[in-house]
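The file coords-v6.pdb comes next; it holds PDB, C-alpha atoms.
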ATOM      1  CA  LEU A 278      12.090  21.786   8.136
ATOM      2  CA  GLY A 279      11.421  24.683   5.797
ATOM      3  CA  ASN A 280      12.928  22.910   2.793
ATOM      4  CA  PRO A 281      10.889  23.947  -0.292
ATOM      5  CA  TYR A 282      12.000  20.892  -2.275
ATOM      6  CA  LEU A 283      10.914  18.498   0.445
ATOM      7  CA  ASN A 284       7.690  20.391   1.125
ATOM      8  CA  THR A 285       6.684  20.286  -2.537
ATOM      9  CA  TYR A 286       7.117  16.514  -2.653
ATOM     10  CA  GLN A 287       5.111  16.152   0.545
ATOM     11  CA  ARG A 288       2.266  18.064  -1.098
ATOM     12  CA  GLN A 289       2.565  16.048  -4.284
ATOM     13  CA  SER A 290       2.482  12.793  -2.333
ATOM     14  CA  LYS A 291      -1.241  13.380  -1.692
ATOM     15  CA  ASP A 292      -1.988  12.637  -5.343
ATOM     16  CA  MET A 293       0.755  10.195  -6.165
ATOM     17  CA  HIS A 294      -1.716   7.400  -6.943
ATOM     18  CA  SER A 295      -1.298   7.817 -10.675
ATOM     19  CA  PRO A 296      -2.789   5.158 -12.935
ATOM     20  CA  ILE A 297       0.778   4.731 -14.147
ATOM     21  CA  SER A 298       2.096   2.640 -11.265
ATOM     22  CA  GLY A 299       5.747   3.211 -12.229
ATOM     23  CA  LEU A 300       5.343   6.940 -11.675
ATOM     24  CA  TYR A 301       3.733   6.328  -8.292
ATOM     25  CA  PHE A 302       6.585   4.164  -7.034
ATOM     26  CA  GLU A 303       9.221   6.471  -8.509
ATOM     27  CA  ARG A 304       7.713   9.463  -6.740
ATOM     28  CA  ARG A 305       7.369   7.514  -3.512
ATOM     29  CA  GLY A 306      11.067   6.679  -3.764
ATOM     30  CA  VAL A 307      11.948  10.316  -4.369
ATOM     31  CA  LEU A 308       9.931  11.386  -1.322
ATOM     32  CA  ALA A 309      11.599   8.741   0.855
ATOM     33  CA  ALA A 310      15.079   9.817  -0.255
ATOM     34  CA  LEU A 311      14.255  13.470   0.443
ATOM     35  CA  LEU A 312      12.948  12.584   3.908
ATOM     36  CA  VAL A 313      16.208  10.797   4.692
ATOM     37  CA  ALA A 314      18.213  13.770   3.382
ATOM     38  CA  ALA A 315      16.194  16.224   5.468
ATOM     39  CA  SER A 316      16.730  14.166   8.618
ATOM     40  CA  THR A 317      20.499  14.815   8.479
ATOM     41  CA  ILE A 318      20.670  18.603   8.351
ATOM     42  CA  GLN A 319      24.292  19.775   8.538
ATOM     43  CA  GLN A 320      25.744  22.913  10.063
ATOM     44  CA  VAL A 321      27.475  25.225   7.582
ATOM     45  CA  PRO A 322      30.408  27.573   8.418
ATOM     46  CA  THR A 323      28.907  30.978   7.588
ATOM     47  CA  ALA A 324      30.020  34.560   8.257
ATOM     48  CA  SER A 325      26.998  36.504   7.077
ATOM     49  CA  ALA A 326      26.197  40.119   7.894
ATOM     50  CA  THR A 327      22.583  39.085   8.503
ATOM     51  CA  GLU A 328      23.738  37.267  11.643
ATOM     52  CA  THR A 329      25.157  40.408  13.287
ATOM     53  CA  SER A 330      23.216  43.253  11.592
ATOM     54  CA  PRO A 331      26.166  45.669  11.113
ATOM     55  CA  THR A 332      25.550  49.153   9.735
ATOM     56  CA  GLU A 333      28.868  49.527   7.881
ATOM     57  CA  PRO A 334      30.557  47.180   5.402
ATOM     58  CA  ASN A 335      33.489  45.156   6.716
ATOM     59  CA  LEU A 336      36.052  45.225   3.922
ATOM     60  CA  ASP A 337      38.469  43.321   6.178
ATOM     61  CA  CYS A 338      36.079  40.371   6.283
ATOM     62  CA  LEU A 339      38.651  37.903   4.903
ATOM     63  CA  LEU A 340      41.363  38.819   7.405
ATOM     64  CA  ASP A 341      39.852  36.657  10.161
ATOM     65  CA  LEU A 342      40.333  33.499   8.098
ATOM     66  CA  PRO A 343      43.093  31.146   9.260
ATOM     67  CA  PRO A 344      46.354  31.341   7.257
ATOM     68  CA  ILE A 345      46.616  29.015   4.265
ATOM     69  CA  PRO A 346      48.397  25.866   5.534
ATOM     70  CA  ASN A 347      51.724  25.128   3.838
ATOM     71  CA  ASP A 348      50.336  21.935   2.324
ATOM     72  CA  CYS A 349      47.144  23.550   0.982
ATOM     73  CA  VAL A 350      45.823  25.938  -1.639
ATOM     74  CA  ARG A 351      42.795  28.191  -1.184
ATOM     75  CA  ILE A 352      39.917  28.715  -3.624
ATOM     76  CA  TYR A 353      37.562  31.663  -3.245
ATOM     77  CA  LEU A 354      34.256  30.742  -4.906
ATOM     78  CA  CYS A 355      32.258  33.913  -5.549
ATOM     79  CA  ARG A 356      28.829  34.664  -6.925
ATOM     80  CA  HIS A 357      28.562  37.392  -9.572
ATOM     81  CA  GLY A 358      27.168  40.861  -8.857
ATOM     82  CA  GLN A 359      23.477  41.661  -9.123
ATOM     83  CA  THR A 360      21.698  41.864 -12.492
ATOM     84  CA  GLU A 361      18.306  43.339 -13.307
ATOM     85  CA  ASN A 362      17.002  39.760 -13.598
ATOM     86  CA  ASN A 363      18.122  39.178 -10.004
ATOM     87  CA  ARG A 364      16.448  42.377  -8.854
ATOM     88  CA  LEU A 365      13.205  41.587 -10.695
ATOM     89  CA  ARG A 366      13.205  37.889  -9.663
ATOM     90  CA  LEU A 367      13.496  36.570 -13.232
ATOM     91  CA  VAL A 368      15.121  33.186 -13.846
ATOM     92  CA  GLN A 369      18.567  33.469 -15.410
ATOM     93  CA  GLY A 370      20.474  30.316 -16.143
ATOM     94  CA  ALA A 371      22.836  29.439 -18.963
ATOM     95  CA  ARG A 372      20.505  30.767 -21.695
ATOM     96  CA  VAL A 373      19.938  34.274 -20.347
ATOM     97  CA  ASP A 374      22.952  36.578 -20.315
ATOM     98  CA  PRO A 375      22.190  40.005 -18.826
ATOM     99  CA  PRO A 376      24.918  42.390 -17.624
ATOM    100  CA  ILE A 377      25.293  43.346 -13.993
ATOM    101  CA  ASN A 378      23.461  46.492 -12.942
ATOM    102  CA  GLU A 379      24.750  49.517 -11.045
ATOM    103  CA  ASN A 380      24.324  47.757  -7.715
ATOM    104  CA  GLY A 381      26.133  44.719  -9.128
ATOM    105  CA  GLU A 382      29.051  46.910 -10.176
ATOM    106  CA  ALA A 383      29.305  48.238  -6.616
ATOM    107  CA  MET A 384      29.254  44.640  -5.322
ATOM    108  CA  ALA A 385      32.108  43.737  -7.673
ATOM    109  CA  ARG A 386      34.172  46.702  -6.441
ATOM    110  CA  ARG A 387      33.582  45.665  -2.813
ATOM    111  CA  LEU A 388      34.558  42.105  -3.733
ATOM    112  CA  GLY A 389      37.862  43.261  -5.206
ATOM    113  CA  THR A 390      38.550  45.567  -2.261
ATOM    114  CA  ALA A 391      38.036  42.709   0.201
ATOM    115  CA  PHE A 392      40.629  40.636  -1.676
ATOM    116  CA  SER A 393      43.046  43.568  -1.898
ATOM    117  CA  LYS A 394      43.125  43.700   1.914
ATOM    118  CA  LEU A 395      44.931  40.348   1.884
ATOM    119  CA  ASP A 396      48.065  42.290   0.833
ATOM    120  CA  GLY A 397      50.832  39.827  -0.122
ATOM    121  CA  LYS A 398      48.306  36.990  -0.139
ATOM    122  CA  CYS A 399      45.895  38.686  -2.561
ATOM    123  CA  PRO A 400      45.090  36.214  -5.359
ATOM    124  CA  GLN A 401      46.559  37.170  -8.731
ATOM    125  CA  THR A 402      44.219  35.068 -10.883
ATOM    126  CA  ILE A 403      40.448  35.321 -11.334
ATOM    127  CA  MET A 404      38.642  32.658 -13.325
ATOM    128  CA  HIS A 405      35.060  33.236 -14.450
ATOM    129  CA  SER A 406      32.342  31.568 -16.489
ATOM    130  CA  THR A 407      31.561  32.554 -20.070
ATOM    131  CA  LEU A 408      28.449  34.486 -18.992
ATOM    132  CA  LEU A 409      28.627  38.275 -19.088
ATOM    133  CA  ARG A 410      27.594  38.818 -15.467
ATOM    134  CA  ALA A 411      30.485  36.694 -14.192
ATOM    135  CA  LYS A 412      33.002  38.224 -16.614
ATOM    136  CA  GLN A 413      32.028  41.792 -15.692
ATOM    137  CA  THR A 414      32.224  41.003 -11.974
ATOM    138  CA  ALA A 415      35.731  39.593 -12.436
ATOM    139  CA  GLN A 416      36.862  42.560 -14.532
ATOM    140  CA  ILE A 417      35.636  45.167 -12.044
ATOM    141  CA  ALA A 418      36.974  43.267  -9.021
ATOM    142  CA  SER A 419      40.391  42.881 -10.675
ATOM    143  CA  LYS A 420      40.799  46.675 -10.886
ATOM    144  CA  GLU A 421      40.537  46.886  -7.085
ATOM    145  CA  MET A 422      43.003  44.007  -6.657
ATOM    146  CA  GLY A 423      45.858  45.317  -8.772
ATOM    147  CA  GLY A 424      44.523  46.112 -12.212
ATOM    148  CA  GLU A 425      46.683  44.840 -15.038
ATOM    149  CA  THR A 426      48.687  42.590 -12.720
ATOM    150  CA  ILE A 427      45.608  40.408 -12.162
ATOM    151  CA  ARG A 428      45.182  37.568 -14.642
ATOM    152  CA  LEU A 429      41.643  36.996 -15.939
ATOM    153  CA  GLU A 430      40.719  33.622 -17.429
ATOM    154  CA  THR A 431      37.484  32.195 -18.801
ATOM    155  CA  LEU A 432      36.583  28.769 -17.402
ATOM    156  CA  PRO A 433      33.434  27.434 -19.146
ATOM    157  CA  SER A 434      32.916  24.694 -16.544
ATOM    158  CA  LEU A 435      31.975  27.426 -14.013
ATOM    159  CA  GLY A 436      28.792  28.180 -16.005
ATOM    160  CA  GLU A 437      25.326  28.360 -14.486
ATOM    161  CA  VAL A 438      22.845  25.515 -14.702
ATOM    162  CA  ASP A 439      20.829  25.395 -17.936
ATOM    163  CA  PHE A 440      17.259  25.445 -16.616
ATOM    164  CA  GLY A 441      15.753  24.848 -20.070
ATOM    165  CA  PRO A 442      13.642  26.982 -22.427
ATOM    166  CA  MET A 443      10.452  26.651 -20.379
ATOM    167  CA  THR A 444      11.790  28.599 -17.378
ATOM    168  CA  GLU A 445      14.583  30.955 -18.373
ATOM    169  CA  GLY A 446      13.672  34.637 -18.382
ATOM    170  CA  LYS A 447      10.352  34.012 -16.611
ATOM    171  CA  GLN A 448       9.221  35.077 -13.156
ATOM    172  CA  VAL A 449      10.648  32.756 -10.499
ATOM    173  CA  SER A 450       7.236  32.458  -8.844
ATOM    174  CA  ALA A 451       5.647  31.220 -12.087
ATOM    175  CA  VAL A 452       8.124  28.435 -12.845
ATOM    176  CA  LYS A 453       9.265  27.478  -9.347
ATOM    177  CA  PRO A 454       7.116  24.294  -9.159
ATOM    178  CA  ALA A 455       8.681  22.898 -12.346
ATOM    179  CA  MET A 456      12.187  23.765 -11.167
ATOM    180  CA  ILE A 457      11.527  22.169  -7.783
ATOM    181  CA  GLU A 458      10.219  19.031  -9.497
ATOM    182  CA  THR A 459      13.479  18.657 -11.439
ATOM    183  CA  TYR A 460      15.734  19.492  -8.513
ATOM    184  CA  GLY A 461      13.807  17.178  -6.222
ATOM    185  CA  ARG A 462      14.456  14.291  -8.581
ATOM    186  CA  TRP A 463      18.156  15.148  -8.684
ATOM    187  CA  SER A 464      18.191  15.213  -4.882
ATOM    188  CA  ALA A 465      16.908  11.632  -4.838
ATOM    189  CA  GLY A 466      19.576  10.443  -7.267
ATOM    190  CA  LEU A 467      17.616  10.660 -10.533
ATOM    191  CA  ILE A 468      20.570  12.515 -11.990
ATOM    192  CA  ASP A 469      19.751  12.042 -15.676
ATOM    193  CA  THR A 470      16.496  14.013 -15.384
ATOM    194  CA  ARG A 471      16.411  17.156 -17.532
ATOM    195  CA  PRO A 472      14.033  20.138 -17.384
ATOM    196  CA  ASP A 473      11.074  20.165 -19.771
ATOM    197  CA  GLY A 474      12.262  21.122 -23.239
ATOM    198  CA  GLY A 475      15.893  20.271 -22.517
ATOM    199  CA  GLY A 476      18.680  21.658 -20.359
ATOM    200  CA  ASP A 477      21.252  20.299 -17.933
ATOM    201  CA  SER A 478      21.018  17.044 -16.041
ATOM    202  CA  ALA A 479      22.584  16.729 -12.582
ATOM    203  CA  ARG A 480      25.123  14.365 -14.108
ATOM    204  CA  ASP A 481      26.169  17.186 -16.482
ATOM    205  CA  ILE A 482      26.465  19.743 -13.703
ATOM    206  CA  LEU A 483      28.368  17.553 -11.249
ATOM    207  CA  GLY A 484      30.785  16.508 -13.979
ATOM    208  CA  ARG A 485      31.461  20.165 -14.795
ATOM    209  CA  ALA A 486      31.942  20.953 -11.123
ATOM    210  CA  SER A 487      34.531  18.188 -10.766
ATOM    211  CA  ASP A 488      36.434  19.496 -13.807
ATOM    212  CA  ALA A 489      36.278  23.091 -12.558
ATOM    213  CA  LEU A 490      37.573  22.197  -9.098
ATOM    214  CA  GLN A 491      40.541  20.332 -10.523
ATOM    215  CA  THR A 492      41.394  23.245 -12.815
ATOM    216  CA  LEU A 493      41.123  25.736  -9.957
ATOM    217  CA  VAL A 494      43.292  23.649  -7.633
ATOM    218  CA  ASN A 495      45.950  23.297 -10.346
ATOM    219  CA  ALA A 496      45.905  27.056 -10.979
ATOM    220  CA  ALA A 497      46.255  27.824  -7.268
ATOM    221  CA  ASN A 498      49.120  25.329  -7.043
ATOM    222  CA  ASP A 499      50.918  27.211  -9.808
ATOM    223  CA  SER A 500      50.501  30.624  -8.169
ATOM    224  CA  ASP A 501      52.861  32.282  -5.691
ATOM    225  CA  GLN A 502      49.885  33.128  -3.467
ATOM    226  CA  ASN A 503      48.593  29.511  -3.379
ATOM    227  CA  SER A 504      45.129  30.853  -4.125
ATOM    228  CA  VAL A 505      42.732  31.721  -6.927
ATOM    229  CA  VAL A 506      39.349  33.459  -7.240
ATOM    230  CA  ALA A 507      36.455  31.939  -9.210
ATOM    231  CA  VAL A 508      33.322  33.886 -10.199
ATOM    232  CA  SER A 509      30.317  31.689 -10.851
ATOM    233  CA  HIS A 510      26.560  31.361 -10.247
ATOM    234  CA  SER A 511      24.160  30.523  -7.439
ATOM    235  CA  THR A 512      22.571  27.160  -8.326
ATOM    236  CA  TYR A 513      25.835  25.814  -9.715
ATOM    237  CA  LEU A 514      27.702  26.879  -6.558
ATOM    238  CA  ARG A 515      25.083  25.269  -4.306
ATOM    239  CA  MET A 516      25.531  21.941  -6.067
ATOM    240  CA  LEU A 517      29.322  22.264  -5.979
ATOM    241  CA  LEU A 518      29.234  23.044  -2.244
ATOM    242  CA  ALA A 519      26.956  20.044  -1.662
ATOM    243  CA  VAL A 520      29.683  17.815  -3.077
ATOM    244  CA  LEU A 521      32.425  19.459  -1.004
ATOM    245  CA  LEU A 522      30.375  19.402   2.206
ATOM    246  CA  ASP A 523      28.989  15.902   1.552
ATOM    247  CA  MET A 524      25.585  17.525   2.013
ATOM    248  CA  SER A 525      22.290  16.461   0.490
ATOM    249  CA  LEU A 526      21.334  18.400  -2.616
ATOM    250  CA  ALA A 527      17.989  18.989  -0.909
ATOM    251  CA  GLN A 528      19.686  20.906   1.908
ATOM    252  CA  ALA A 529      22.167  22.637  -0.396
ATOM    253  CA  ALA A 530      19.213  24.080  -2.338
ATOM    254  CA  THR A 531      18.342  26.131   0.754
ATOM    255  CA  LEU A 532      21.826  27.650   1.215
ATOM    256  CA  THR A 533      21.820  31.439   1.059
ATOM    257  CA  LEU A 534      24.375  32.632  -1.510
ATOM    258  CA  LYS A 535      23.925  36.355  -2.059
ATOM    259  CA  ASN A 536      25.085  38.222  -5.128
ATOM    260  CA  GLY A 537      28.748  39.134  -4.578
ATOM    261  CA  CYS A 538      29.264  36.659  -1.728
ATOM    262  CA  ILE A 539      32.460  34.653  -1.121
ATOM    263  CA  ASN A 540      32.797  30.959  -0.228
ATOM    264  CA  VAL A 541      36.222  29.796   0.946
ATOM    265  CA  VAL A 542      37.636  26.277   0.502
ATOM    266  CA  ASP A 543      41.107  24.833   1.194
ATOM    267  CA  PHE A 544      42.431  21.865  -0.808
ATOM    268  CA  LYS A 545      45.487  19.700  -0.209
ATOM    269  CA  LYS A 546      48.345  20.252  -2.650
ATOM    270  CA  ASP A 547      48.992  16.529  -2.911
ATOM    271  CA  GLY A 548      45.931  16.037  -5.112
ATOM    272  CA  ARG A 549      43.957  14.124  -2.508
ATOM    273  CA  SER A 550      40.489  13.276  -3.819
ATOM    274  CA  ARG A 551      37.334  11.418  -2.872
ATOM    275  CA  ALA A 552      34.683   9.523  -4.778
ATOM    276  CA  VAL A 553      31.004  10.440  -4.925
ATOM    277  CA  ALA A 554      29.144   7.140  -5.256
ATOM    278  CA  PRO A 555      25.512   6.362  -6.190
ATOM    279  CA  LYS A 556      24.536   5.987  -2.512
ATOM    280  CA  SER A 557      26.248   9.226  -1.509
ATOM    281  CA  ARG A 558      24.616  11.452   1.079
ATOM    282  CA  ILE A 559      24.114  14.147  -1.568
ATOM    283  CA  PHE A 560      21.483  11.888  -3.196
ATOM    284  CA  GLY A 561      19.772  10.792   0.025
ATOM    285  CA  GLY A 562      22.117   8.022   1.138
ATOM    286  CA  PRO A 563      20.863   4.423   1.203
ATOM    287  CA  LEU A 564      17.556   5.309  -0.501
ATOM    288  CA  SER A 565      19.282   7.065  -3.392
ATOM    289  CA  GLN A 566      17.986   6.149  -6.834
ATOM    290  CA  ALA A 567      21.212   7.167  -8.580
ATOM    291  CA  PRO A 568      22.212   4.777 -11.381
ATOM    292  CA  SER A 569      24.894   2.247 -10.522
ATOM    293  CA  ASP A 570      27.142   3.509 -13.317
ATOM    294  CA  PHE A 571      27.511   6.947 -11.701
ATOM    295  CA  ASN A 572      30.985   7.695 -10.408
ATOM    296  CA  LEU A 573      32.520  11.066  -9.714
ATOM    297  CA  THR A 574      35.922  11.974  -8.305
ATOM    298  CA  VAL A 575      36.487  15.410  -6.798
ATOM    299  CA  PRO A 576      39.399  17.055  -4.984
ATOM    300  CA  ARG A 577      38.984  16.737  -1.232
ATOM    301  CA  GLY A 578      38.262  20.185   0.198
ATOM    302  CA  ASP A 579      37.779  21.765   3.610
ATOM    303  CA  VAL A 580      35.012  24.385   3.437
ATOM    304  CA  LEU A 581      35.972  27.256   5.734
ATOM    305  CA  ARG A 582      33.213  29.728   4.962
ATOM    306  CA  VAL A 583      29.906  29.929   3.093
ATOM    307  CA  ASN A 584      28.165  33.150   2.003
ATOM    308  CA  GLU A 585      30.664  35.679   3.349
ATOM    309  CA  ASP A 586      28.808  38.928   2.724
ATOM    310  CA  ARG A 587      30.000  41.368   5.368
ATOM    311  CA  HIS A 588      31.706  43.420   2.642
ATOM    312  CA  LEU A 589      28.316  43.942   0.984
ATOM    313  CA  VAL A 590      26.481  45.726   3.816
ATOM    314  CA  GLY A 591      24.306  48.475   2.340
ATOM    315  CA  LEU A 592      24.155  46.777  -1.054
ATOM    316  CA  VAL A 593      22.101  43.651  -0.228
TER     317      VAL A 593
END
Rewritten as structure tokens:
Amino acid sequence: LGNPYLNTYQRQSKDMHSPISGLYFERRGVLAALLVAASTIQQVPTASATETSPTEPNLDCLLDLPPIPNDCVRIYLCRHGQTENNRLRLVQGARVDPPINENGEAMARRLGTAFSKLDGKCPQTIMHSTLLRAKQTAQIASKEMGGETIRLETLPSLGEVDFGPMTEGKQVSAVKPAMIETYGRWSAGLIDTRPDGGGDSARDILGRASDALQTLVNAANDSDQNSVVAVSHSTYLRMLLAVLLDMSLAQAATLTLKNGCINVVDFKKDGRSRAVAPKSRIFGGPLSQAPSDFNLTVPRGDVLRVNEDRHLVGLV
């Protein structure tokens, strides 16, 4: 199925007969949960330039979205512009804070221009994480959207996943097995697992995502445009989208979310929510090993678009 998290566990299963029997059965359970997750691959509403191979950027890419329903608000979840770490394939989570590079600045300008095309429906608020790359992207985009009329707010709960001291700043290829090991366990419901040396657990991340979504929905409700922009980070956004799409974390890990892309979600104004339970599909369904005390409530959203990147043609 081309899922790197599943494939790694399949390879590891060849030497799962550890003398520590608990580890063997835990890993066997993780593999089973990932197999169940991979057997229910979901379709995702994308609008990526890679599907049509255009030669010019489409700065009107948001104009073909349906109008915001009267009983809904719209959240635009964006990934920050490119950094040198992105270009050089170096891990950057919560502990590494590089600025965006020249290409990333151009992405941020395109991002703002795409929003400006919404005219009277252009969002007037951009929320961003505390990390420099997200803040700079928001600042540059805001200048294209109306300058000083655009409100910029820091929202810490939009921060990237803390991958721990053993991986951050290192080549992705060198630390990928360790990262896959951690993420694979999360995908099977072992949500209290942390990277070697410390870092975020899935429970931490999903809790932050729930808080961020509620804050964003409230902000959009308070705006005349019924919308708000959020600038965040790739792994965090994949996990957030998994919750909204009721998609396995294993599949969400394979979602393409390019630097500067836009994901679009509508939420009901009435505060409608849903619970994510221990046996949720995001953890592999009935074979999930999530602890029974896990309970998460998130606003109920309708994902309209994932990885909109037609405005970025020529930059990615």
What does the structure give for the distance between atom CA of A:Lys546 and atom CA of A:Val575, in Å to one decimal? 13.5 Å
Go through the shown structure with the PyMOL selection byres ((chain A and resi 510-512) around 8) and write out the matching residues as a VMD selection string. chain A and resid 355 to 357 411 435 to 438 508 to 509 513 to 516 530 534 to 535
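Here the PyMOL selection byres ((chain A and resi 487-496) around 8) catches exactly these residues: Val350, Arg351, Ile352, Leu432, Ser434, Leu435, Leu483, Gly484, Arg485, Ala486, Ala497, Asn498, Asp499, Ser500, Ser504, Val505, Ala507, Phe544, Lys546, Leu573, Thr574, Val575 and Pro576 of chain A.
Neighbours of A:Gln369 closer than or equal to 7 Å, with all atoms listed in the file counted and sequence neighbours fewer than 3 positions away skipped, come out as Asn362, Val373, Glu445 and Gly446 of chain A.
Separating atom CA of A:Cys399 from atom CA of A:Asp547 is a distance of 22.4 Å.
You will find atom CA of A:Asp348 at 21.7 Å from atom CA of A:Val520.
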Evaluate the PyMOL selection byres ((chain A and resi 336) around 7) against this structure - the residues, as an MDAnalysis selection string, please. chainID A and resid 334:335 337:338 390:391 588
Using all atoms listed in the file for the distances, tell me which of A:Val506, A:Ala465, A:Leu581, A:Ala554 is nearest to A:Ser525. A:Ala465
Pick the closest to A:Leu526 from A:Lys453, A:Lys556, A:Ala567, A:Ser464: which is it, counting all atoms listed in the file? A:Ser464
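For A:Gln448, the set of protein, DNA and RNA residues having any atom at most 7 Å away, when counting all atoms listed in the file and skipping those fewer than 6 positions along the same chain, is Arg366, Leu367 and Val368 of chain A.
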Counting all atoms listed in the file, which residues come within 12 Å of (26.8, 3.6, -10.8), with the point read in the file's coordinates, and could you list them as a PDB file with C-alpha atoms, in the coordinates of the input?
ATOM      1  CA  GLY A 466      19.576  10.443  -7.267  1.00  0.00           C
ATOM      2  CA  LEU A 467      17.616  10.660 -10.533  1.00  0.00           C
ATOM      3  CA  ILE A 468      20.570  12.515 -11.990  1.00  0.00           C
ATOM      4  CA  ARG A 480      25.123  14.365 -14.108  1.00  0.00           C
ATOM      5  CA  ALA A 552      34.683   9.523  -4.778  1.00  0.00           C
ATOM      6  CA  VAL A 553      31.004  10.440  -4.925  1.00  0.00           C
ATOM      7  CA  ALA A 554      29.144   7.140  -5.256  1.00  0.00           C
ATOM      8  CA  PRO A 555      25.512   6.362  -6.190  1.00  0.00           C
ATOM      9  CA  LYS A 556      24.536   5.987  -2.512  1.00  0.00           C
ATOM     10  CA  SER A 557      26.248   9.226  -1.509  1.00  0.00           C
ATOM     11  CA  SER A 565      19.282   7.065  -3.392  1.00  0.00           C
ATOM     12  CA  GLN A 566      17.986   6.149  -6.834  1.00  0.00           C
ATOM     13  CA  ALA A 567      21.212   7.167  -8.580  1.00  0.00           C
ATOM     14  CA  PRO A 568      22.212   4.777 -11.381  1.00  0.00           C
ATOM     15  CA  SER A 569      24.894   2.247 -10.522  1.00  0.00           C
ATOM     16  CA  ASP A 570      27.142   3.509 -13.317  1.00  0.00           C
ATOM     17  CA  PHE A 571      27.511   6.947 -11.701  1.00  0.00           C
ATOM     18  CA  ASN A 572      30.985   7.695 -10.408  1.00  0.00           C
ATOM     19  CA  LEU A 573      32.520  11.066  -9.714  1.00  0.00           C
TER      20      LEU A 573
END
In file coordinates, which residues lie within 8 Å of (36.8, 35.0, -14.8) using only C-alpha atoms, given as a ChimeraX atom specification? /A:403-407,411-412,415-416,429-432,507-508
Would you write out those residues with C-alpha atoms, as a short mmCIF file (atom, residue, chain, number, x, y, z; two decimals), keeping the file's coordinate frame?
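Printed below is again.cif as written:
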data_model
loop_
_atom_site.label_atom_id
_atom_site.label_comp_id
_atom_site.auth_asym_id
_atom_site.auth_seq_id
_atom_site.Cartn_x
_atom_site.Cartn_y
_atom_site.Cartn_z
CA ILE A 403 40.45 35.32 -11.33
CA MET A 404 38.64 32.66 -13.32
CA HIS A 405 35.06 33.24 -14.45
CA SER A 406 32.34 31.57 -16.49
CA THR A 407 31.56 32.55 -20.07
CA ALA A 411 30.48 36.69 -14.19
CA LYS A 412 33.00 38.22 -16.61
CA ALA A 415 35.73 39.59 -12.44
CA GLN A 416 36.86 42.56 -14.53
CA LEU A 429 41.64 37.00 -15.94
CA GLU A 430 40.72 33.62 -17.43
CA THR A 431 37.48 32.20 -18.80
CA LEU A 432 36.58 28.77 -17.40
CA ALA A 507 36.46 31.94 -9.21
CA VAL A 508 33.32 33.89 -10.20
#
Can you pull out every residue within 6 Å of A:Arg577, counting only C-alpha atoms, but drop anything in the same chain fewer than 2 positions away, and send it as a compact mmCIF listing (two decimals) with C-alpha atoms, in the coordinates of the input?
# COMPACT_ATOMS: atom_id res chain seq x y z
CA ARG A 549 43.96 14.12 -2.51
CA SER A 550 40.49 13.28 -3.82
CA ARG A 551 37.33 11.42 -2.87
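If all atoms listed in the file are the atoms counted, then among A:Leu365, A:Leu517, A:Ile427, A:Ala383 the closest residue to A:Ser450 is A:Leu365.
For the set A:Leu340, A:Leu589, A:Ile345, A:Ala529, the residue with the smallest atom-to-atom gap to A:Lys545 is A:Ile345, counting all atoms listed in the file.
Counting all atoms listed in the file, the residue from A:Gly578, A:Gly537, A:Gly461, A:Gly423 that sits nearest to A:Leu388 is A:Gly537.
Distances here use only C-alpha atoms; by that measure, the residue among A:Cys349, A:Val452, A:Leu592, A:Ile539 closest to A:Asn378 is A:Leu592.
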